[in-house]
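Written below as structure tokens is the structure these notes are about.
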Amino acid sequence: MQLRLSAAGRVLVTGGAGYIGSHTVLQLLLEGCSVVVVDNLDNSSEVAVQRVAELAGEFRKNLTFHKIDIRDKEALEEVFASTKFDAVIHFAGLKAVGESVQKPLLYYKNNLIGTITLLEVMAVHRCKKLVFSSSATVYGWPKDLPCTEESSLSAMNPYGRTKLMIEDICRDMHHADSEWKIMLLRYFNPVGAHPSGDIGEDPRGIPNNLMPLVQQVAVGRRPALTVFGNDYLTKDGTGVRDYIHVVDLAEGHIAALKKLFEDPKIGCEVYNLGTGKGTSVLEMVAAFEKASGKKIPLVFAGRRPGDAEVLFASTSKAEKELNWKAKYGIEEMCRDQWNWASKNPWGYESPDTANGGVTK
């Protein structure tokens with residue numbers, strides 16, 4: 001029996017109203033932690049926080065929400081002054097690869113300045129345990145697969161570069177002051193939703209990832225799915241990715257936080273969170289069609305610049321050191337994604353507020 005996390009006490013979660021953040025906040029509450037969420041709601045909804053509170057049952061009393069941009073140092077200072085935090089999980093940041101290419105300054109300003117401000121306030125308040133939400137984008141186009149934590153790093157777009165820079169900042173913080181204990185978690189491709197269907201992924205505007213697009217076709221919000229590239233050297237010509245259930249990913253954060261509190265030797269460690277298995281776009285679409293009973297019409301287009309052909313993780317380090325392993329396969333991912341989509345076809349909003357008011 002693993003230790004419960006209540007020993008970790010009070011945890012600040014930045015970006016806790018977002019997709020991965022909300023699922024992790026729920027797990028933290030169920031572990032007995034007291035959780036404070038800060039989020040500027042730029043790409044998320046306060047409804048997600050309310051639904052997490054409902055799902056948490058009796059533990060909802062341990063959840064507090066503040067609408068704050070972490071670049072607002074004064075507002076962040078007030079939060080830290082009011083609560084003594086034992087650790088921080090840092091999700092807040094912009095995450096669309098394509099948008100980062102179009103608007104690099106927006107990404108550098110938001111992701112880098114936000115993180116630097118957070119670290120400065122943490123240092124002042126002597127809170128030096130951090131779990132950071134990094135990404136497999138730091139591997140760029142890997143020559144060797146699977147990607148291990150020692151694989152060469154080469155981000156191919158401004159979004160990926162912000163993740164890589166923040167990792168370097170974290171390593172430098174620990175090097176300068178060994179009291180800092182930091183976990184850098186490199187996610188692969190999160191999909192799925194909480195089994196209740198009450199919280200899930202709800203991107204603003206046009207989604208950047210495969211599954212929200214598939215989901216929007218299935219509920220009638222889009223006529224077809226555009227598949228970028230069907231001439232890759234893969235089993236069916238489409239790109240291959242390591243898809244991981246968001247509930248498994250949330251559990252990975254719990255495991256990382258436990259390690260921070262239990263292992264005095266932790267410095268600044270990096271872990272891949274994935275399944276270790278590659279799944280093609282067409283395989284994922286077929287699994288979703290089976291789970292939903294809906295036909296997903298496809299339109300094939302040219303490759304997107306910056307897309308890697310194949311990307312999947314080696315997860316042996318996380319399995320060995322964090323005692324964590326992904327439990328769910330693509331069938332469960334698609335089942336839970338469809339459950340969320342069918343219950344919430346317009347995400348957390350109504351048709352009038354979602355999609356600029358365009359109804360089906």
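Just remember, in the structure tokens the first chain shown is A, the second B, etc., residues are 1-based per chain, and ligands are 1-based in the order shown.
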Counting only C-alpha atoms, which residues of stretch 108-217 of chain A sit at most 8 Å from some atom of stretch 306-327 of chain A, and what is each one's closest atom pair with its distance in Å to one decimal, listed by chain and rising residue number, as JSON lines?
```
{"residue": "A:Gly140", "atom": "CA", "partner": "A:Ala308", "partner_atom": "CA", "distance": 7.3}
{"residue": "A:Trp141", "atom": "CA", "partner": "A:Ala308", "partner_atom": "CA", "distance": 5.2}
{"residue": "A:Pro142", "atom": "CA", "partner": "A:Leu311", "partner_atom": "CA", "distance": 7.4}
{"residue": "A:Leu145", "atom": "CA", "partner": "A:Phe312", "partner_atom": "CA", "distance": 6.9}
{"residue": "A:Pro146", "atom": "CA", "partner": "A:Ala313", "partner_atom": "CA", "distance": 5.1}
{"residue": "A:Cys147", "atom": "CA", "partner": "A:Ala313", "partner_atom": "CA", "distance": 4.8}
{"residue": "A:Thr148", "atom": "CA", "partner": "A:Ser314", "partner_atom": "CA", "distance": 5.2}
{"residue": "A:Glu149", "atom": "CA", "partner": "A:Ser314", "partner_atom": "CA", "distance": 7.9}
{"residue": "A:Met156", "atom": "CA", "partner": "A:Gly306", "partner_atom": "CA", "distance": 6.5}
{"residue": "A:Asn157", "atom": "CA", "partner": "A:Gly306", "partner_atom": "CA", "distance": 7.4}
{"residue": "A:Phe188", "atom": "CA", "partner": "A:Phe312", "partner_atom": "CA", "distance": 7.2}
```
Convert the current residue selection to file output with C-alpha atoms, as a CSV table (one decimal), in the first residue's frame.
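Final output, saved to selection21.csv:
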```csv
chain,number,residue,atom,x,y,z
A,140,GLY,CA,11.9,17.5,-31.6
A,141,TRP,CA,12.2,14.9,-34.4
A,142,PRO,CA,13.9,12.0,-32.6
A,145,LEU,CA,13.0,5.5,-30.6
A,146,PRO,CA,11.6,5.2,-28.0
A,147,CYS,CA,12.5,8.6,-26.5
A,148,THR,CA,14.3,8.1,-23.2
A,149,GLU,CA,14.9,10.9,-20.7
A,156,MET,CA,11.2,22.6,-33.3
A,157,ASN,CA,8.9,25.5,-32.4
A,188,PHE,CA,3.3,12.6,-24.6
```
Extract, using only C-alpha atoms, all DNA, RNA and protein residues at most 12 Å from A:Gly237, discarding same-chain residues fewer than 6 positions from it, and format them as a list in words.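 Returned residues: Val227, Phe228, Gly229, Asn230, Asp231, Thr279, Ser280, Val281, Leu282, Glu283, Phe300, Gly302, Arg303, Glu309 and Val310 of chain A.
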Rows by chain and residue number, stretch 132-202 of chain A within 12 Å of stretch 44-60 of chain A, shortest pair, only C-alpha atoms, as a tab-separated table:
```
residue	atom	partner	partner_atom	distance
A:His194	CA	A:Leu55	CA	9.9
A:Pro195	CA	A:Leu55	CA	10.9
A:Ser196	CA	A:Leu55	CA	8.4
A:Gly197	CA	A:Arg51	CA	10.3
A:Asp198	CA	A:Arg51	CA	6.6
A:Ile199	CA	A:Ala48	CA	6.2
A:Gly200	CA	A:Ala48	CA	8.3
A:Glu201	CA	A:Ser44	CA	9.1
A:Asp202	CA	A:Ser44	CA	7.3
```
Write out as a list of chain:residue names the set of residues from stretch 255-298 of chain A that DSSP, computed on the backbone, places in strand (DSSP E or B).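 So the strand (DSSP E or B) residues in stretch 255-298 of chain A would be A:Cys268, A:Glu269, A:Val270, A:Tyr271, A:Asn272, A:Leu273, A:Thr279, A:Ser280, A:Leu298.
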Sorted by chain and rising residue number, which residues of stretch 243-340 of chain A lie within 12 Å of stretch 165-177 of chain A, and what are their closest atom pairs and distances in Å to one decimal, counting only C-alpha atoms, as CSV?
```
residue,atom,partner,partner_atom,distance
A:Ile266,CA,A:His174,CA,10.3
A:Gly267,CA,A:His174,CA,6.7
A:Cys268,CA,A:Arg171,CA,6.0
A:Glu269,CA,A:Arg171,CA,8.7
A:Val270,CA,A:Glu167,CA,8.9
A:Tyr271,CA,A:Glu167,CA,11.8
```
Excluding A:Ile296 and its own-chain neighbours fewer than 2 positions away, which residues fall within 9 Å of it when counting only C-alpha atoms? Please give them as a list of chain:residue names.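 Listing them by chain and then by number gives A:Val214, A:Val217, A:Ala218, A:Pro223, A:Ala224, A:Leu225, A:Val285, A:Ala286, A:Phe288, A:Glu289, A:Lys294, A:Leu298.
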Atomic separation - atom CA of A:Arg186 relative to atom CA of A:Cys334, Å: 22.2 Å
A:Glu74, A:Val97, A:Thr137, A:Ser178: which is nearest A:Pro305, counting only C-alpha atoms?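 Among the listed residues, A:Val97 lies closest to A:Pro305.
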Looking at only C-alpha atoms, which of A:Leu185, A:Leu153, A:Ala96, A:Ile70 is the one that sits closest to A:Gly205?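 With only C-alpha atoms as the atom set, the closest residue is A:Ala96.
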